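So this block is entry_39.cif, mmCIF, C-alpha atoms:
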```
data_protein
loop_
_atom_site.label_atom_id
_atom_site.label_comp_id
_atom_site.auth_asym_id
_atom_site.auth_seq_id
_atom_site.Cartn_x
_atom_site.Cartn_y
_atom_site.Cartn_z
CA MET E 243 6.50 5.75 16.12
CA ARG E 244 2.93 5.73 14.81
CA ASP E 245 2.72 9.45 15.56
CA ALA E 246 5.60 9.99 13.12
CA VAL E 247 3.15 10.07 10.20
CA ARG E 248 -0.33 11.11 9.23
CA ILE E 249 -2.24 9.45 6.44
CA GLU E 250 -4.39 11.78 4.37
CA PRO E 251 -6.81 10.75 1.63
CA TRP E 252 -5.37 10.89 -1.88
CA SER E 253 -6.44 13.98 -3.83
CA GLU E 254 -6.09 15.57 -7.25
CA SER E 255 -3.10 17.54 -5.98
CA ASP E 256 -1.07 14.37 -5.29
CA LEU E 257 0.00 13.66 -8.88
CA PRO E 258 3.49 15.18 -8.31
CA LEU E 259 4.00 12.78 -5.38
CA LEU E 260 2.95 9.85 -7.56
CA ARG E 261 5.47 10.95 -10.20
CA ARG E 262 8.22 11.01 -7.54
CA MET E 263 7.13 7.55 -6.35
CA ASN E 264 7.64 6.29 -9.93
CA ALA E 265 11.44 6.38 -9.56
CA PRO E 266 13.29 3.29 -10.81
CA GLU E 267 14.69 2.49 -7.36
CA LEU E 268 11.15 2.49 -5.91
CA MET E 269 9.56 0.53 -8.74
CA ASN E 270 12.20 -2.15 -9.28
CA HIS E 271 10.12 -4.78 -7.40
CA LEU E 272 6.91 -3.75 -9.17
CA GLY E 273 7.80 -4.19 -12.82
CA GLY E 274 9.68 -0.91 -13.26
CA PRO E 275 8.54 2.68 -13.71
CA GLU E 276 5.23 3.37 -15.38
CA THR E 277 4.68 5.58 -18.41
CA GLU E 278 3.08 8.98 -17.92
CA ASP E 279 -0.21 7.63 -19.30
CA GLN E 280 -0.13 4.72 -16.84
CA LEU E 281 0.58 7.13 -13.98
CA LEU E 282 -2.37 9.31 -14.94
CA VAL E 283 -4.68 6.28 -14.97
CA ARG E 284 -3.38 5.15 -11.57
CA HIS E 285 -3.73 8.67 -10.16
CA GLU E 286 -7.36 8.88 -11.27
CA ARG E 287 -8.02 5.45 -9.75
CA TYR E 288 -6.51 6.62 -6.45
CA VAL E 289 -8.60 9.79 -6.48
CA ALA E 290 -11.77 7.80 -7.18
CA MET E 291 -10.97 5.26 -4.45
CA SER E 292 -10.38 8.00 -1.92
CA ALA E 293 -13.63 9.76 -2.78
CA GLY E 294 -15.67 6.59 -2.25
CA THR E 295 -17.49 5.68 0.92
CA ASP E 296 -18.39 2.09 0.04
CA GLY E 297 -15.64 0.39 2.02
CA THR E 298 -13.82 -1.02 -1.00
CA GLY E 299 -10.60 0.67 0.08
CA THR E 300 -8.76 3.92 -0.27
CA MET E 301 -5.36 5.41 -0.96
CA PHE E 302 -3.50 7.91 1.18
CA ARG E 303 -0.49 10.13 0.98
CA VAL E 304 1.90 9.56 3.87
CA VAL E 305 2.85 12.80 5.58
CA ALA E 306 5.79 13.14 7.97
CA ALA E 307 4.23 14.63 11.09
CA ALA E 308 7.36 16.57 12.03
CA THR E 309 7.65 18.45 8.73
CA GLY E 310 4.27 18.17 7.02
CA GLU E 311 6.05 16.83 3.93
CA ALA E 312 4.42 14.13 1.78
CA VAL E 313 6.88 11.23 1.92
CA GLY E 314 5.00 8.31 0.38
CA THR E 315 1.83 6.39 -0.32
CA VAL E 316 -0.16 3.73 1.51
CA GLY E 317 -3.53 2.16 0.87
CA TYR E 318 -5.80 -0.81 0.90
CA TRP E 319 -8.32 -2.16 -1.58
CA GLU E 320 -10.55 -5.18 -2.08
CA HIS E 321 -8.98 -8.20 -3.69
CA SER E 322 -10.30 -11.71 -4.27
CA ARG E 323 -7.77 -14.31 -3.18
CA ASP E 324 -8.45 -18.05 -3.21
CA GLY E 325 -12.19 -17.43 -3.37
CA GLU E 326 -12.19 -15.08 -0.38
CA MET E 327 -12.67 -11.32 -0.49
CA ILE E 328 -9.88 -9.61 1.43
CA TYR E 329 -8.20 -6.28 1.66
CA GLU E 330 -4.79 -5.99 0.07
CA ALA E 331 -2.39 -3.33 1.31
CA GLY E 332 0.43 -1.59 -0.49
CA TRP E 333 2.82 1.22 0.33
CA GLY E 334 5.95 3.07 -0.67
CA VAL E 335 8.18 5.72 0.87
CA LEU E 336 10.45 8.05 -1.07
CA ALA E 337 14.07 6.87 -0.99
CA GLU E 338 15.34 9.83 1.01
CA HIS E 339 12.85 9.05 3.81
CA GLN E 340 13.38 5.29 4.04
CA GLY E 341 14.89 3.56 7.04
CA ARG E 342 13.10 5.70 9.65
CA GLY E 343 10.07 3.51 10.34
CA LEU E 344 7.70 5.74 8.37
CA ALA E 345 6.39 2.91 6.17
CA THR E 346 5.67 0.73 9.20
CA ALA E 347 3.88 3.61 10.95
CA ALA E 348 1.83 4.30 7.81
CA VAL E 349 0.87 0.64 7.40
CA ARG E 350 -0.22 0.45 11.04
CA ALA E 351 -2.35 3.56 10.54
CA VAL E 352 -3.98 2.11 7.42
CA LEU E 353 -4.69 -1.17 9.23
CA GLU E 354 -6.51 0.77 11.94
CA ARG E 355 -8.52 2.55 9.27
CA ALA E 356 -9.42 -0.68 7.45
CA GLY E 357 -10.40 -2.31 10.75
CA ARG E 358 -12.86 0.49 11.52
CA GLU E 359 -14.77 -0.37 8.36
CA ARG E 360 -15.53 -3.89 9.66
CA ARG E 361 -15.85 -5.14 6.10
CA HIS E 362 -13.16 -7.83 5.78
CA ARG E 363 -11.47 -9.96 8.40
CA PHE E 364 -8.00 -9.96 6.85
CA VAL E 365 -5.55 -7.65 5.14
CA HIS E 366 -2.88 -9.26 2.99
CA ALA E 367 0.31 -7.81 1.56
CA PHE E 368 2.31 -9.35 -1.27
CA PRO E 369 5.83 -7.91 -1.36
CA SER E 370 8.35 -9.53 -3.67
CA VAL E 371 10.41 -12.26 -2.03
CA ASP E 372 13.40 -10.19 -3.20
CA ASN E 373 12.30 -7.06 -1.31
CA PRO E 374 13.66 -7.36 2.26
CA PRO E 375 12.58 -3.85 3.37
CA SER E 376 8.90 -4.38 2.46
CA ASN E 377 8.92 -7.82 4.02
CA ALA E 378 10.37 -6.24 7.19
CA VAL E 379 7.54 -3.68 7.20
CA CYS E 380 5.05 -6.56 7.14
CA ARG E 381 6.74 -8.24 10.08
CA LYS E 382 7.00 -5.02 12.12
CA ALA E 383 3.39 -4.06 11.37
CA GLY E 384 2.10 -7.36 12.80
CA PHE E 385 1.50 -9.46 9.68
CA SER E 386 2.12 -13.22 9.74
CA LEU E 387 3.95 -14.86 6.86
CA LEU E 388 1.78 -17.49 5.17
CA GLY E 389 4.43 -18.43 2.59
CA ALA E 390 5.58 -17.63 -0.92
CA CYS E 391 3.15 -17.46 -3.81
CA ASP E 392 2.89 -16.38 -7.41
CA PHE E 393 1.26 -13.01 -7.88
CA GLU E 394 0.45 -11.05 -11.00
CA TYR E 395 1.66 -7.44 -10.88
CA PRO E 396 1.55 -5.46 -12.93
CA PRO E 397 -1.18 -7.24 -14.90
CA GLY E 398 0.42 -9.74 -17.25
CA ARG E 399 3.63 -10.07 -15.23
CA ALA E 400 4.04 -12.92 -12.75
CA MET E 401 6.22 -12.31 -9.74
CA ARG E 402 7.20 -14.40 -6.73
CA CYS E 403 5.88 -12.79 -3.57
CA ASN E 404 5.48 -13.49 0.09
CA ASN E 405 1.88 -13.68 1.24
CA TRP E 406 1.59 -11.82 4.54
CA ARG E 407 -1.69 -11.61 6.45
CA VAL E 408 -2.95 -9.72 9.46
CA GLU E 409 -6.31 -10.17 11.11
CA LEU E 410 -8.25 -7.00 11.70
CA ILE E 411 -9.57 -6.57 15.21
CA PHE E 412 -13.19 -5.48 15.29
#
```
As structure tokens, the full file:
Amino acid sequence: MRDAVRIEPWSESDLPLLRRMNAPELMNHLGGPETEDQLLVRHERYVAMSAGTDGTGTMFRVVAAATGEAVGTVGYWEHSRDGEMIYEAGWGVLAEHQGRGLATAAVRAVLERAGRERRHRFVHAFPSVDNPPSNAVCRKAGFSLLGACDFEYPPGRAMRCNNWRVELIF
């Protein structure tokens, strides 16, 4: 199934995809849709992350290999958790492409990419405890559930999440 997607570095031309990813049904576990100004800030952050070569992470568009269509986003970035520097991963797939294993394939691809950097031992993911599909992606992609925790996202909003972790193989 991994061959079902390609991950391609985020670019200036991906703003329309980000706008599509901002749909209420995709953002309901992340504090709701963002304003246009918030989207523009996030887009510029994604572009800057993807242009960097310092190992602090990057964002990708998820492309369905069969059609060449951009179907979602996936990425990883540095995050300090309990005094340890880790990578955090996040993803999303457009509603009309969900349920086909594309998110799991994209997460596996991004884990391989993060592992090649040999910068951090672990990647964590923090899906809402109320988000069964994202928790299933974690399980299918090889993460281990460490337990529930409080997590702030978006900034200023506390949410109850599951803390999933996978060890990168160097």
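Nearest residue to His362 (chain E) among E:Thr309, E:Thr298, E:Gln340, E:Asn377 is E:Thr298, counting only C-alpha atoms.
Note that CA of Ile249 (chain E) and CA of Val283 (chain E) are 21.8 Å apart.
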Which residues, written as a PDB file with C-alpha atoms, in the coordinates of the input, have at least one atom at most 8 Å from Phe302 (chain E), with all atoms listed in the file counted and residues fewer than 2 positions away on the same chain left out?
```pdb
ATOM      1  CA  ILE E 249      -2.240   9.450   6.440  1.00  0.00           C
ATOM      2  CA  GLU E 250      -4.390  11.780   4.370  1.00  0.00           C
ATOM      3  CA  PRO E 251      -6.810  10.750   1.630  1.00  0.00           C
ATOM      4  CA  TRP E 252      -5.370  10.890  -1.880  1.00  0.00           C
ATOM      5  CA  SER E 292     -10.380   8.000  -1.920  1.00  0.00           C
ATOM      6  CA  THR E 300      -8.760   3.920  -0.270  1.00  0.00           C
ATOM      7  CA  VAL E 304       1.900   9.560   3.870  1.00  0.00           C
ATOM      8  CA  THR E 315       1.830   6.390  -0.320  1.00  0.00           C
ATOM      9  CA  VAL E 316      -0.160   3.730   1.510  1.00  0.00           C
ATOM     10  CA  GLY E 317      -3.530   2.160   0.870  1.00  0.00           C
TER      11      GLY E 317
END
```
What are the nearest atom pairs, with distances in Å to one decimal, for all residues of region 283-353 of chain E that come at most 10 Å from region 396-408 of chain E, using only C-alpha atoms, set out by chain and rising residue number as JSON lines?
```
{"residue": "E:Ile328", "atom": "CA", "partner": "E:Arg407", "partner_atom": "CA", "distance": 9.8}
{"residue": "E:Tyr329", "atom": "CA", "partner": "E:Arg407", "partner_atom": "CA", "distance": 9.7}
{"residue": "E:Glu330", "atom": "CA", "partner": "E:Arg407", "partner_atom": "CA", "distance": 9.0}
{"residue": "E:Ala331", "atom": "CA", "partner": "E:Arg407", "partner_atom": "CA", "distance": 9.8}
{"residue": "E:Leu353", "atom": "CA", "partner": "E:Val408", "partner_atom": "CA", "distance": 8.7}
```
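Between CA of Phe364 (chain E) and CA of Tyr288 (chain E) lies a distance of 21.3 Å.
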Next on the checklist: Calculated over only C-alpha atoms, which of the candidates E:Leu268, E:Ala378, E:Ala351, E:Cys391 has the smallest distance to Leu336 (chain E)?
Outcome noted: E:Leu268
Next on the checklist: Can you measure CA of Leu257 (chain E) to CA of His285 (chain E) for me? One decimal in Å is fine.
Outcome noted: 6.4 Å
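If you measure from each of E:Leu388, E:Met301, E:Ala337, E:Cys380 to Arg350 (chain E) using all atoms listed in the file, the closest one turns out to be E:Cys380.
When the distance limit is 10 Å and only C-alpha atoms are what count, the residues near Val313 (chain E), minus those fewer than 6 positions from it on the same chain, are Val247, Leu259, Arg262, Met263, Arg303, Val304, Val305, Ala306, Gly334, Val335, Leu336, Ala337, Glu338, His339, Gln340, Leu344 and Ala345 of chain E.
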For the residues selected in the previous step, produce a file with C-alpha atoms as an mmCIF file, in the frame of the given file.
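Final file, out33.cif:
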```cif
data_model
loop_
_atom_site.group_PDB
_atom_site.id
_atom_site.type_symbol
_atom_site.label_atom_id
_atom_site.label_comp_id
_atom_site.auth_asym_id
_atom_site.auth_seq_id
_atom_site.Cartn_x
_atom_site.Cartn_y
_atom_site.Cartn_z
ATOM 1 C CA VAL E 247 3.150 10.070 10.200
ATOM 2 C CA LEU E 259 4.000 12.780 -5.380
ATOM 3 C CA ARG E 262 8.220 11.010 -7.540
ATOM 4 C CA MET E 263 7.130 7.550 -6.350
ATOM 5 C CA ARG E 303 -0.490 10.130 0.980
ATOM 6 C CA VAL E 304 1.900 9.560 3.870
ATOM 7 C CA VAL E 305 2.850 12.800 5.580
ATOM 8 C CA ALA E 306 5.790 13.140 7.970
ATOM 9 C CA GLY E 334 5.950 3.070 -0.670
ATOM 10 C CA VAL E 335 8.180 5.720 0.870
ATOM 11 C CA LEU E 336 10.450 8.050 -1.070
ATOM 12 C CA ALA E 337 14.070 6.870 -0.990
ATOM 13 C CA GLU E 338 15.340 9.830 1.010
ATOM 14 C CA HIS E 339 12.850 9.050 3.810
ATOM 15 C CA GLN E 340 13.380 5.290 4.040
ATOM 16 C CA LEU E 344 7.700 5.740 8.370
ATOM 17 C CA ALA E 345 6.390 2.910 6.170
#
```
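Minimum atom-to-atom distances from E:Met327, E:Ala246, E:Ala293, E:Ala347 to Val365 (chain E) were compared using all atoms listed in the file, and the lowest value belongs to E:Met327.
For the residues E:Ala383, E:Ala390, E:Leu272, E:Met291, ranking by smallest atom-to-atom distance to Val352 (chain E) using all atoms listed in the file places E:Ala383 first.
Closest approach to Glu354 (chain E) among E:Glu409, E:Asp256, E:Glu286, E:Asp279 is made by E:Glu409 (distances from all atoms listed in the file).
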Please put the answer as JSON: centre and edge lengths, in Å with one decimal, of a box along x, y and z that encloses all listed atoms of region 297-310 of chain E plus 5 Å on each side.
```
{"center_x": -4.0, "center_y": 8.7, "center_z": 5.5, "size_x": 33.3, "size_y": 29.5, "size_z": 23.0}
```
Next on the checklist: I'd like the contact shell of Asn270 (chain E) - 12 Å cut-off, all atoms listed in the file, skipping same-chain residues fewer than 4 positions apart - returned as a count of residues only.
Outcome noted: 15
